[in-house]
$ cat input_30.cif   # mmCIF, C-alpha atoms
data_model
#
loop_
_atom_site.label_atom_id
_atom_site.label_comp_id
_atom_site.auth_asym_id
_atom_site.auth_seq_id
_atom_site.Cartn_x
_atom_site.Cartn_y
_atom_site.Cartn_z
CA MET J 54 22.37 9.62 -22.81
CA PHE J 55 20.02 12.56 -22.27
CA ILE J 56 16.54 11.77 -20.97
CA SER J 57 13.93 14.48 -21.22
CA PRO J 58 12.17 15.48 -17.96
CA ARG J 59 8.83 14.28 -19.38
CA LEU J 60 10.23 10.86 -20.30
CA LEU J 61 11.87 10.54 -16.87
CA ASN J 62 8.54 11.30 -15.22
CA TRP J 63 6.90 8.52 -17.20
CA LEU J 64 9.73 6.10 -16.38
CA LEU J 65 9.23 6.84 -12.67
CA PHE J 66 5.46 6.43 -13.11
CA VAL J 67 5.76 3.03 -14.84
CA SER J 68 8.37 1.85 -12.32
CA LEU J 69 6.06 2.76 -9.43
CA ALA J 70 3.08 0.97 -11.00
CA LEU J 71 5.19 -2.15 -11.60
CA ILE J 72 6.66 -2.16 -8.09
CA TRP J 73 3.39 -1.56 -6.23
CA GLY J 74 1.44 -3.80 -8.59
CA SER J 75 3.91 -6.62 -7.96
CA SER J 76 3.58 -6.31 -4.17
CA PHE J 77 0.46 -8.48 -4.06
CA ILE J 78 2.05 -11.51 -5.74
CA LEU J 79 5.17 -11.07 -3.57
CA MET J 80 2.95 -11.39 -0.50
CA LYS J 81 1.64 -14.68 -1.90
CA ALA J 82 5.19 -15.84 -2.57
CA GLY J 83 6.23 -14.95 0.95
CA MET J 84 3.39 -16.94 2.43
CA GLN J 85 4.48 -20.15 0.71
CA SER J 86 6.46 -21.02 3.84
CA LEU J 87 5.95 -18.08 6.22
CA SER J 88 2.86 -16.92 8.04
CA ALA J 89 1.01 -13.75 7.04
CA TYR J 90 2.30 -12.06 10.21
CA GLN J 91 5.91 -12.98 9.44
CA VAL J 92 5.72 -11.74 5.84
CA ALA J 93 4.24 -8.39 6.92
CA ALA J 94 6.75 -8.01 9.76
CA ILE J 95 9.73 -8.76 7.49
CA ARG J 96 8.36 -6.24 5.00
CA MET J 97 8.16 -3.51 7.64
CA LEU J 98 11.54 -4.45 9.13
CA SER J 99 13.29 -4.41 5.73
CA GLY J 100 11.75 -1.07 4.78
CA GLY J 101 12.68 0.39 8.15
CA LEU J 102 16.29 -0.77 7.97
CA ILE J 103 16.76 0.65 4.48
CA LEU J 104 15.41 4.05 5.56
CA LEU J 105 17.14 3.99 8.96
CA PRO J 106 20.18 6.10 7.85
CA PHE J 107 17.79 9.02 7.19
CA ALA J 108 15.88 8.64 10.46
CA TRP J 109 18.24 10.47 12.85
CA LYS J 110 18.44 13.55 10.66
CA SER J 111 14.67 13.43 10.29
CA PHE J 112 14.17 13.19 14.04
CA ARG J 113 16.12 16.42 14.60
CA GLU J 114 13.98 18.23 12.01
CA ILE J 115 10.62 17.12 13.39
CA PRO J 116 8.83 19.41 15.90
CA PRO J 117 8.38 17.54 19.23
CA ASN J 118 4.60 18.00 19.16
CA LYS J 119 4.42 16.24 15.75
CA ILE J 120 6.37 13.11 16.67
CA TRP J 121 3.35 11.14 17.90
CA LEU J 122 1.45 12.04 14.70
CA ILE J 123 4.27 10.68 12.54
CA ILE J 124 4.37 7.46 14.57
CA LEU J 125 0.59 7.16 14.12
CA SER J 126 1.05 7.82 10.40
CA GLY J 127 3.52 4.94 10.21
CA PHE J 128 1.03 2.54 11.75
CA LEU J 129 -1.96 3.74 9.72
CA GLY J 130 -0.16 4.21 6.42
CA SER J 131 2.10 1.14 6.47
CA PHE J 132 2.09 -1.18 9.48
CA PHE J 133 -1.60 -2.06 9.82
CA PRO J 134 -2.25 -2.24 6.03
CA ALA J 135 0.75 -4.56 5.54
CA PHE J 136 -0.72 -7.08 7.98
CA LEU J 137 -4.29 -6.66 6.71
CA PHE J 138 -3.23 -7.33 3.11
CA CYS J 139 -1.19 -10.41 4.03
CA ILE J 140 -3.93 -11.89 6.21
CA ALA J 141 -6.49 -11.23 3.47
CA GLU J 142 -4.36 -12.98 0.86
CA THR J 143 -4.47 -16.22 2.83
CA LYS J 144 -8.03 -16.54 1.48
CA ILE J 145 -8.35 -14.28 -1.60
CA ASP J 146 -6.35 -13.97 -4.83
CA SER J 147 -3.59 -11.39 -5.13
CA SER J 148 -5.31 -10.00 -8.25
CA LEU J 149 -8.49 -9.26 -6.28
CA ALA J 150 -6.42 -7.56 -3.57
CA GLY J 151 -4.89 -5.38 -6.29
CA ILE J 152 -8.34 -4.45 -7.60
CA LEU J 153 -9.65 -3.58 -4.13
CA ASN J 154 -6.56 -1.45 -3.52
CA ALA J 155 -7.89 0.90 -6.21
CA LEU J 156 -10.52 2.05 -3.70
CA THR J 157 -7.88 4.09 -1.82
CA PRO J 158 -8.60 7.45 -3.56
CA LEU J 159 -12.33 6.99 -2.96
CA PHE J 160 -11.81 6.51 0.77
CA THR J 161 -9.36 9.42 0.83
CA ILE J 162 -11.93 11.86 -0.53
CA SER J 163 -14.78 10.40 1.56
CA ILE J 164 -12.87 10.60 4.85
CA GLY J 165 -11.59 14.05 3.95
CA ALA J 166 -15.13 15.30 3.42
CA LEU J 167 -16.58 13.64 6.53
CA PHE J 168 -13.86 14.32 9.11
CA PHE J 169 -11.31 16.81 7.74
CA GLN J 170 -13.56 19.56 6.36
CA LEU J 171 -12.41 18.83 2.81
CA GLN J 172 -14.53 20.65 0.23
CA VAL J 173 -15.93 18.24 -2.36
CA THR J 174 -17.79 18.83 -5.59
CA ALA J 175 -20.75 16.97 -7.02
CA THR J 176 -18.35 15.31 -9.49
CA LYS J 177 -16.25 13.88 -6.67
CA ILE J 178 -19.36 12.63 -4.85
CA ALA J 179 -20.47 10.96 -8.08
CA GLY J 180 -17.04 9.34 -8.31
CA VAL J 181 -17.32 7.90 -4.80
CA VAL J 182 -20.81 6.55 -5.54
CA LEU J 183 -19.67 5.03 -8.84
CA GLY J 184 -16.69 3.39 -7.15
CA PHE J 185 -18.95 1.93 -4.46
CA ILE J 186 -21.26 0.54 -7.15
CA GLY J 187 -18.25 -1.07 -8.84
CA LEU J 188 -17.20 -2.61 -5.52
CA CYS J 189 -20.67 -4.10 -4.92
CA LEU J 190 -20.82 -5.49 -8.45
CA LEU J 191 -17.35 -7.00 -8.01
CA PHE J 192 -18.63 -9.18 -5.19
CA ILE J 193 -21.92 -9.97 -6.94
CA VAL J 194 -20.34 -11.21 -10.19
CA ARG J 195 -18.14 -13.66 -8.33
CA GLY J 196 -21.18 -15.62 -7.17
CA ASN J 197 -21.37 -18.23 -4.42
CA LEU J 198 -19.98 -15.84 -1.85
CA ASP J 199 -19.35 -17.16 1.61
CA PHE J 200 -18.78 -15.22 4.81
CA SER J 201 -15.08 -16.14 4.93
CA TYR J 202 -14.44 -14.74 1.46
CA LEU J 203 -16.29 -11.52 2.21
CA SER J 204 -14.66 -11.02 5.60
CA TYR J 205 -11.14 -11.45 4.22
CA SER J 206 -11.94 -9.15 1.29
CA PHE J 207 -13.07 -6.50 3.75
CA LEU J 208 -9.66 -6.68 5.43
CA VAL J 209 -8.26 -5.18 2.20
CA ILE J 210 -10.99 -2.54 2.25
CA LEU J 211 -10.06 -1.78 5.86
CA ALA J 212 -6.44 -1.35 4.74
CA THR J 213 -7.49 1.18 2.07
CA LEU J 214 -9.53 2.94 4.76
CA CYS J 215 -6.34 3.24 6.83
CA TYR J 216 -4.59 4.71 3.78
CA GLY J 217 -7.39 7.25 3.39
CA ILE J 218 -7.20 8.34 7.03
CA ASN J 219 -3.42 8.61 6.86
CA VAL J 220 -3.34 10.73 3.69
CA ASN J 221 -5.80 13.21 5.18
CA MET J 222 -3.98 13.31 8.51
CA VAL J 223 -0.61 13.96 6.84
CA ALA J 224 -2.08 16.63 4.56
CA ARG J 225 -3.83 18.38 7.46
CA HIS J 226 -1.31 18.13 10.31
CA LEU J 227 2.13 17.35 8.81
CA LYS J 228 2.17 19.72 5.86
CA GLY J 229 5.37 21.54 6.83
CA ILE J 230 7.47 18.39 7.28
CA GLY J 231 9.36 16.81 4.39
CA SER J 232 7.98 13.57 2.96
CA VAL J 233 11.26 11.67 3.30
CA SER J 234 11.54 12.82 6.93
CA ILE J 235 8.05 11.50 7.67
CA ALA J 236 8.68 8.16 5.95
CA SER J 237 12.14 7.49 7.40
CA PHE J 238 11.23 8.34 10.99
CA ALA J 239 7.90 6.50 10.81
CA PHE J 240 9.52 3.33 9.48
CA ALA J 241 12.32 3.51 12.04
CA CYS J 242 9.63 3.44 14.74
CA LEU J 243 8.13 0.32 13.13
CA ILE J 244 11.34 -1.71 13.52
CA PRO J 245 10.79 -2.69 17.23
CA PRO J 246 7.19 -3.96 16.82
CA SER J 247 8.22 -5.84 13.67
CA LEU J 248 11.06 -7.57 15.53
CA PHE J 249 8.70 -8.39 18.40
CA ILE J 250 6.18 -10.04 16.05
CA LEU J 251 8.91 -12.07 14.34
CA TRP J 252 10.13 -13.23 17.76
CA LYS J 253 6.63 -14.13 18.99
CA THR J 254 5.81 -16.06 15.82
CA GLY J 255 8.98 -18.16 16.10
CA TYR J 256 10.71 -16.80 13.01
CA PHE J 257 14.10 -16.48 14.70
CA THR J 258 13.80 -20.03 16.04
CA ASP J 259 13.23 -21.27 12.50
CA PHE J 260 16.14 -19.12 11.29
CA SER J 261 18.54 -20.86 13.66
CA SER J 262 17.32 -24.30 12.61
CA THR J 263 19.59 -26.49 10.48
CA SER J 264 16.65 -27.97 8.54
CA ILE J 265 15.39 -24.85 6.79
CA SER J 266 14.00 -25.61 3.33
CA THR J 267 14.77 -23.79 0.11
CA THR J 268 11.14 -22.65 0.01
CA TRP J 269 11.57 -20.99 3.42
CA TRP J 270 14.54 -19.01 2.13
CA MET J 271 12.64 -18.04 -1.04
CA SER J 272 9.70 -16.85 1.05
CA THR J 273 12.02 -14.80 3.25
CA PHE J 274 13.71 -13.32 0.17
CA ALA J 275 10.34 -12.42 -1.37
CA SER J 276 9.33 -10.69 1.89
CA ILE J 277 12.59 -8.72 1.99
CA ILE J 278 12.16 -7.64 -1.64
CA LEU J 279 8.63 -6.60 -0.71
CA GLY J 280 10.01 -4.35 2.02
CA VAL J 281 13.00 -2.94 0.14
CA MET J 282 11.25 -2.41 -3.21
CA GLY J 283 7.54 -2.26 -2.42
CA THR J 284 7.92 -0.08 0.66
CA ALA J 285 11.22 1.84 0.92
CA LEU J 286 12.17 2.32 -2.74
CA ALA J 287 8.56 2.85 -3.85
CA SER J 288 8.12 5.57 -1.22
CA ILE J 289 11.22 7.40 -2.48
CA ILE J 290 10.10 7.10 -6.13
CA PHE J 291 6.63 8.34 -5.24
CA TYR J 292 7.99 11.41 -3.45
CA MET J 293 10.30 12.10 -6.42
CA LEU J 294 7.36 11.84 -8.79
CA VAL J 295 5.21 14.17 -6.69
CA LYS J 296 7.96 16.80 -6.62
CA ARG J 297 8.75 16.51 -10.33
CA ALA J 298 5.29 16.08 -11.88
CA GLY J 299 2.80 17.09 -9.18
CA THR J 300 0.30 15.23 -7.02
CA LEU J 301 -2.28 14.72 -9.78
CA PHE J 302 0.10 12.90 -12.14
CA ALA J 303 1.54 10.85 -9.26
CA SER J 304 -1.94 9.87 -8.02
CA LEU J 305 -2.78 8.42 -11.45
CA VAL J 306 -0.49 5.46 -10.65
CA THR J 307 -3.62 4.07 -8.98
CA TYR J 308 -4.87 3.16 -12.46
CA GLY J 309 -1.85 1.04 -13.31
CA ILE J 310 -1.46 -0.95 -10.10
CA PRO J 311 -4.53 -3.25 -10.47
CA PHE J 312 -3.61 -4.26 -14.02
CA VAL J 313 -0.07 -5.20 -12.98
CA ALA J 314 -1.51 -7.20 -10.06
CA ILE J 315 -3.95 -8.96 -12.41
CA GLY J 316 -1.15 -9.74 -14.87
CA TRP J 317 0.95 -11.39 -12.16
CA GLY J 318 -2.10 -13.26 -10.87
CA LEU J 319 -2.88 -14.69 -14.31
CA LEU J 320 0.77 -15.64 -14.79
CA PHE J 321 0.66 -17.66 -11.56
CA GLY J 322 -2.63 -19.41 -12.31
CA GLU J 323 -5.17 -17.18 -10.58
CA SER J 324 -8.52 -16.75 -12.32
CA ILE J 325 -10.06 -13.44 -13.32
CA SER J 326 -13.25 -13.03 -15.33
CA ILE J 327 -14.28 -10.44 -17.91
CA LEU J 328 -17.01 -9.30 -15.52
CA GLN J 329 -14.43 -8.68 -12.77
CA ILE J 330 -12.37 -6.61 -15.24
CA ALA J 331 -15.53 -4.64 -16.04
CA CYS J 332 -16.07 -3.97 -12.32
CA LEU J 333 -12.46 -2.78 -12.06
CA LEU J 334 -13.09 -0.34 -14.89
CA ILE J 335 -16.17 0.98 -13.07
CA ILE J 336 -14.11 1.49 -9.91
CA LEU J 337 -11.38 3.25 -11.90
CA ALA J 338 -14.00 5.45 -13.56
CA GLY J 339 -15.01 6.50 -10.05
CA VAL J 340 -11.36 7.18 -9.21
CA TYR J 341 -11.10 9.31 -12.35
CA LEU J 342 -14.07 11.43 -11.30
CA VAL J 343 -12.58 11.85 -7.81
CA ASN J 344 -9.27 13.01 -9.30
CA ARG J 345 -10.87 15.20 -11.94
CA ASN J 346 -10.18 18.91 -11.57
CA LYS J 347 -7.76 18.13 -8.75
CA LYS J 348 -4.88 20.58 -8.88
CA ALA J 349 -1.31 19.37 -8.59
#
$ encode --input "input_30.cif" --output "structure tokens"
Amino acid sequence: MFISPRLLNWLLFVSLALIWGSSFILMKAGMQSLSAYQVAAIRMLSGGLILLPFAWKSFREIPPNKIWLIILSGFLGSFFPAFLFCIAETKIDSSLAGILNALTPLFTISIGALFFQLQVTATKIAGVVLGFIGLCLLFIVRGNLDFSYLSYSFLVILATLCYGINVNMVARHLKGIGSVSIASFAFACLIPPSLFILWKTGYFTDFSSTSISTTWWMSTFASIILGVMGTALASIIFYMLVKRAGTLFASLVTYGIPFVAIGWGLLFGESISILQIACLLIILAGVYLVNRNKKA
């Protein structure tokens, strides 16, 4: 059956939104029996193992003076955010984490302007301001905020800040290196620290136990799916989409992710109010202004 290039682009787009939007509920599922550190480590380990066959070829193609930057990119763009999101979701809903993830483009443009000499227009500045207003309102409408809730929410914001730094660093210093080469080598370098964390948290001791529950296995499976689908496969789909349809179209997946996350959250009994949806729309309006006039 023939599929038109345009339809294929949209199928990749929807697939990416569904995969990334489902990541937040998979983190919750993983933490039914595993710790936040174990879920994040299994995610990184699974993604690294899937991409490992491409790593050696990538290593030979990478200039020696860029290797440390790619390793740093792996930590900023994947490793640290994975742990920050999981730790945050021990206290906040997965749907809220999905909403806060929409701040990534706003941090990308802000960090680019402040530290990477990125030229920004008044429209983009307005988008950042509007997104920040939406973020503030999101916390206000919840009411009865306590320090624990705020602090764990800011872990997600810190993760999006890491994403913003990484995107600018890759665009500025790793422009001539293929995306798959960057991803595969970076994730290969994340395998040792992931194994170390699993060892230190006693995961392998539990694995060798004869009294492992079904819930433990389900949590492990959810974490593996998170790594294989939400990290490795999603990265490949994203790079395919960028090459086929351009960066602007690919970046618009940001709009779909929060709604998928909210849908899963509602399905599993999490609460979301109309006012929180309204705040999400304000944040996404800011994202739209940031992306406006951006050339693919």
$ residues_around --input "input_30.cif" --residues "range 133-145 of chain J" --least-positions-apart "2" --cutoff "7 Å" --atoms "all atoms listed in the file" --output "list in words"
Met80, Lys81, Ala89, Tyr90, Ala93, Phe128, Leu129, Gly130, Ser131, Ser147, Leu149, Tyr202, Tyr205, Ser206, Leu208, Val209, Ala212 and Cys215 of chain J
$ atom_distance --input "input_30.cif" --atom1 "CA of Ile278 in chain J" --atom2 "CA of Leu79 in chain J"
8.0 Å
$ closest_atom_pairs --input "input_30.cif" --of "range 142-179 of chain J" --to "range 323-332 of chain J" --cutoff "12 Å" --atoms "only C-alpha atoms" --output "CSV"
residue,atom,partner,partner_atom,distance
J:Ile145,CA,J:Glu323,CA,10.0
J:Asp146,CA,J:Glu323,CA,6.7
J:Ser147,CA,J:Glu323,CA,8.1
J:Ser148,CA,J:Glu323,CA,7.5
J:Leu149,CA,J:Ile325,CA,8.3
J:Ala150,CA,J:Ile325,CA,12.0
J:Gly151,CA,J:Ile330,CA,11.7
J:Ile152,CA,J:Ile330,CA,8.9
J:Leu153,CA,J:Cys332,CA,10.4
J:Ala155,CA,J:Cys332,CA,11.3
J:Leu156,CA,J:Cys332,CA,11.9
$ resolve_selection --input "input_30.cif" --expression "the PyMOL selection byres ((chain J and resi 110) around 12)" --output "number ranges by chain"
J: 104-109, 111-115, 231, 233-235, 237-238, 241
$ write_last_selection --input "input_30.cif" --atoms "C-alpha atoms" --output "CSV table (one decimal), keeping the file's coordinate frame"
chain,number,residue,atom,x,y,z
J,104,LEU,CA,15.4,4.0,5.6
J,105,LEU,CA,17.1,4.0,9.0
J,106,PRO,CA,20.2,6.1,7.8
J,107,PHE,CA,17.8,9.0,7.2
J,108,ALA,CA,15.9,8.6,10.5
J,109,TRP,CA,18.2,10.5,12.8
J,111,SER,CA,14.7,13.4,10.3
J,112,PHE,CA,14.2,13.2,14.0
J,113,ARG,CA,16.1,16.4,14.6
J,114,GLU,CA,14.0,18.2,12.0
J,115,ILE,CA,10.6,17.1,13.4
J,231,GLY,CA,9.4,16.8,4.4
J,233,VAL,CA,11.3,11.7,3.3
J,234,SER,CA,11.5,12.8,6.9
J,235,ILE,CA,8.0,11.5,7.7
J,237,SER,CA,12.1,7.5,7.4
J,238,PHE,CA,11.2,8.3,11.0
J,241,ALA,CA,12.3,3.5,12.0
$ closest_residue --input "input_30.cif" --among "J:Leu333, J:Ala285, J:Ile230, J:Ala314" --to "Lys119 in chain J" --atoms "all atoms listed in the file"
J:Ile230
$ atom_distance --input "input_30.cif" --atom1 "CA of Leu191 in chain J" --atom2 "CA of Phe312 in chain J"
15.2 Å
$ resolve_selection --input "input_30.cif" --expression "the PyMOL selection byres ((chain J and resi 181) around 12)" --output "ChimeraX atom specification"
/J:155-164,166,173-180,182-188,335-344
$ atom_distance --input "input_30.cif" --atom1 "CA of Leu87 in chain J" --atom2 "CA of Leu279 in chain J"
13.7 Å
$ residues_around --input "input_30.cif" --residues "Ile290 in chain J" --least-positions-apart "3" --cutoff "12 Å" --atoms "only C-alpha atoms" --output "PyMOL selection string"
chain J and resi 61-73+232-233+282-287+293-298+303+306
$ write_last_selection --input "input_30.cif" --atoms "C-alpha atoms" --output "mmCIF file, keeping the file's coordinate frame"
data_model
loop_
_atom_site.group_PDB
_atom_site.id
_atom_site.type_symbol
_atom_site.label_atom_id
_atom_site.label_comp_id
_atom_site.auth_asym_id
_atom_site.auth_seq_id
_atom_site.Cartn_x
_atom_site.Cartn_y
_atom_site.Cartn_z
ATOM 1 C CA LEU J 61 11.870 10.540 -16.870
ATOM 2 C CA ASN J 62 8.540 11.300 -15.220
ATOM 3 C CA TRP J 63 6.900 8.520 -17.200
ATOM 4 C CA LEU J 64 9.730 6.100 -16.380
ATOM 5 C CA LEU J 65 9.230 6.840 -12.670
ATOM 6 C CA PHE J 66 5.460 6.430 -13.110
ATOM 7 C CA VAL J 67 5.760 3.030 -14.840
ATOM 8 C CA SER J 68 8.370 1.850 -12.320
ATOM 9 C CA LEU J 69 6.060 2.760 -9.430
ATOM 10 C CA ALA J 70 3.080 0.970 -11.000
ATOM 11 C CA LEU J 71 5.190 -2.150 -11.600
ATOM 12 C CA ILE J 72 6.660 -2.160 -8.090
ATOM 13 C CA TRP J 73 3.390 -1.560 -6.230
ATOM 14 C CA SER J 232 7.980 13.570 2.960
ATOM 15 C CA VAL J 233 11.260 11.670 3.300
ATOM 16 C CA MET J 282 11.250 -2.410 -3.210
ATOM 17 C CA GLY J 283 7.540 -2.260 -2.420
ATOM 18 C CA THR J 284 7.920 -0.080 0.660
ATOM 19 C CA ALA J 285 11.220 1.840 0.920
ATOM 20 C CA LEU J 286 12.170 2.320 -2.740
ATOM 21 C CA ALA J 287 8.560 2.850 -3.850
ATOM 22 C CA MET J 293 10.300 12.100 -6.420
ATOM 23 C CA LEU J 294 7.360 11.840 -8.790
ATOM 24 C CA VAL J 295 5.210 14.170 -6.690
ATOM 25 C CA LYS J 296 7.960 16.800 -6.620
ATOM 26 C CA ARG J 297 8.750 16.510 -10.330
ATOM 27 C CA ALA J 298 5.290 16.080 -11.880
ATOM 28 C CA ALA J 303 1.540 10.850 -9.260
ATOM 29 C CA VAL J 306 -0.490 5.460 -10.650
#
$ closest_residue --input "input_30.cif" --among "J:Ile265, J:Leu60, J:Ala224, J:Ala239" --to "Ile120 in chain J" --atoms "all atoms listed in the file"
J:Ala239
$ closest_residue --input "input_30.cif" --among "J:Ile310, J:Ala236, J:Val281, J:Ala275" --to "Ser86 in chain J" --atoms "all atoms listed in the file"
J:Ala275
$ resolve_selection --input "input_30.cif" --expression "the PyMOL selection byres ((chain J and resi 254) around 12)" --output "PyMOL selection string"
chain J and resi 87-95+247-253+255-260
$ write_last_selection --input "input_30.cif" --atoms "C-alpha atoms" --output "short mmCIF file (atom, residue, chain, number, x, y, z; two decimals), in the coordinates of the input"
data_model
loop_
_atom_site.label_atom_id
_atom_site.label_comp_id
_atom_site.auth_asym_id
_atom_site.auth_seq_id
_atom_site.Cartn_x
_atom_site.Cartn_y
_atom_site.Cartn_z
CA LEU J 87 5.95 -18.08 6.22
CA SER J 88 2.86 -16.92 8.04
CA ALA J 89 1.01 -13.75 7.04
CA TYR J 90 2.30 -12.06 10.21
CA GLN J 91 5.91 -12.98 9.44
CA VAL J 92 5.72 -11.74 5.84
CA ALA J 93 4.24 -8.39 6.92
CA ALA J 94 6.75 -8.01 9.76
CA ILE J 95 9.73 -8.76 7.49
CA SER J 247 8.22 -5.84 13.67
CA LEU J 248 11.06 -7.57 15.53
CA PHE J 249 8.70 -8.39 18.40
CA ILE J 250 6.18 -10.04 16.05
CA LEU J 251 8.91 -12.07 14.34
CA TRP J 252 10.13 -13.23 17.76
CA LYS J 253 6.63 -14.13 18.99
CA GLY J 255 8.98 -18.16 16.10
CA TYR J 256 10.71 -16.80 13.01
CA PHE J 257 14.10 -16.48 14.70
CA THR J 258 13.80 -20.03 16.04
CA ASP J 259 13.23 -21.27 12.50
CA PHE J 260 16.14 -19.12 11.29
#
$ closest_residue --input "input_30.cif" --among "J:Gly280, J:Leu305, J:Leu171, J:Pro58" --to "Ile244 in chain J" --atoms "all atoms listed in the file"
J:Gly280
$ closest_residue --input "input_30.cif" --among "J:Val313, J:Val223, J:Leu334, J:Ile124" --to "Cys242 in chain J" --atoms "only C-alpha atoms"
J:Ile124
$ decode --input "input_30.cif" --residues "range 137-144 of chain J" --atoms "all heavy atoms" --output "mmCIF file, in the first residue's frame"
data_model
loop_
_atom_site.group_PDB
_atom_site.id
_atom_site.type_symbol
_atom_site.label_atom_id
_atom_site.label_comp_id
_atom_site.auth_asym_id
_atom_site.auth_seq_id
_atom_site.Cartn_x
_atom_site.Cartn_y
_atom_site.Cartn_z
ATOM 1 N N LEU J 137 15.510 13.326 37.166
ATOM 2 C CA LEU J 137 14.725 14.449 37.702
ATOM 3 C C LEU J 137 13.230 14.204 37.527
ATOM 4 O O LEU J 137 12.438 14.454 38.438
ATOM 5 C CB LEU J 137 15.142 15.754 37.016
ATOM 6 C CG LEU J 137 16.535 16.278 37.384
ATOM 7 C CD1 LEU J 137 16.948 17.406 36.445
ATOM 8 C CD2 LEU J 137 16.569 16.759 38.834
ATOM 9 N N PHE J 138 12.824 13.709 36.350
ATOM 10 C CA PHE J 138 11.414 13.425 36.109
ATOM 11 C C PHE J 138 10.905 12.329 37.044
ATOM 12 O O PHE J 138 9.817 12.449 37.621
ATOM 13 C CB PHE J 138 11.195 13.004 34.650
ATOM 14 C CG PHE J 138 10.919 14.143 33.715
ATOM 15 C CD1 PHE J 138 11.864 14.548 32.791
ATOM 16 C CD2 PHE J 138 9.705 14.809 33.749
ATOM 17 C CE1 PHE J 138 11.613 15.602 31.921
ATOM 18 C CE2 PHE J 138 9.443 15.857 32.891
ATOM 19 C CZ PHE J 138 10.399 16.262 31.969
ATOM 20 N N CYS J 139 11.668 11.256 37.186
ATOM 21 C CA CYS J 139 11.223 10.152 38.046
ATOM 22 C C CYS J 139 11.119 10.577 39.504
ATOM 23 O O CYS J 139 10.138 10.250 40.187
ATOM 24 C CB CYS J 139 12.179 8.967 37.902
ATOM 25 S SG CYS J 139 11.953 8.018 36.388
ATOM 26 N N ILE J 140 12.108 11.306 39.990
ATOM 27 C CA ILE J 140 12.061 11.774 41.381
ATOM 28 C C ILE J 140 10.872 12.704 41.583
ATOM 29 O O ILE J 140 10.159 12.630 42.596
ATOM 30 C CB ILE J 140 13.381 12.477 41.759
ATOM 31 C CG1 ILE J 140 14.539 11.479 41.728
ATOM 32 C CG2 ILE J 140 13.282 13.110 43.148
ATOM 33 C CD1 ILE J 140 15.907 12.130 41.825
ATOM 34 N N ALA J 141 10.628 13.582 40.608
ATOM 35 C CA ALA J 141 9.503 14.514 40.711
ATOM 36 C C ALA J 141 8.175 13.771 40.789
ATOM 37 O O ALA J 141 7.277 14.142 41.549
ATOM 38 C CB ALA J 141 9.506 15.466 39.520
ATOM 39 N N GLU J 142 8.051 12.696 40.009
ATOM 40 C CA GLU J 142 6.780 11.981 39.953
ATOM 41 C C GLU J 142 6.514 11.112 41.178
ATOM 42 O O GLU J 142 5.478 10.455 41.246
ATOM 43 C CB GLU J 142 6.699 11.159 38.666
ATOM 44 C CG GLU J 142 6.456 12.006 37.435
ATOM 45 C CD GLU J 142 5.970 11.196 36.253
ATOM 46 O OE1 GLU J 142 5.244 10.195 36.459
ATOM 47 O OE2 GLU J 142 6.309 11.560 35.115
ATOM 48 N N THR J 143 7.418 11.118 42.133
ATOM 49 C CA THR J 143 7.102 10.484 43.415
ATOM 50 C C THR J 143 6.149 11.363 44.222
ATOM 51 O O THR J 143 5.525 10.885 45.177
ATOM 52 C CB THR J 143 8.374 10.216 44.244
ATOM 53 O OG1 THR J 143 9.033 11.466 44.526
ATOM 54 C CG2 THR J 143 9.332 9.303 43.505
ATOM 55 N N LYS J 144 6.024 12.639 43.827
ATOM 56 C CA LYS J 144 5.179 13.574 44.576
ATOM 57 C C LYS J 144 4.129 14.274 43.718
ATOM 58 O O LYS J 144 3.133 14.760 44.247
ATOM 59 C CB LYS J 144 6.048 14.648 45.245
ATOM 60 C CG LYS J 144 7.006 14.114 46.307
ATOM 61 C CD LYS J 144 6.257 13.582 47.519
ATOM 62 C CE LYS J 144 7.234 13.129 48.610
ATOM 63 N NZ LYS J 144 6.534 12.594 49.793
#
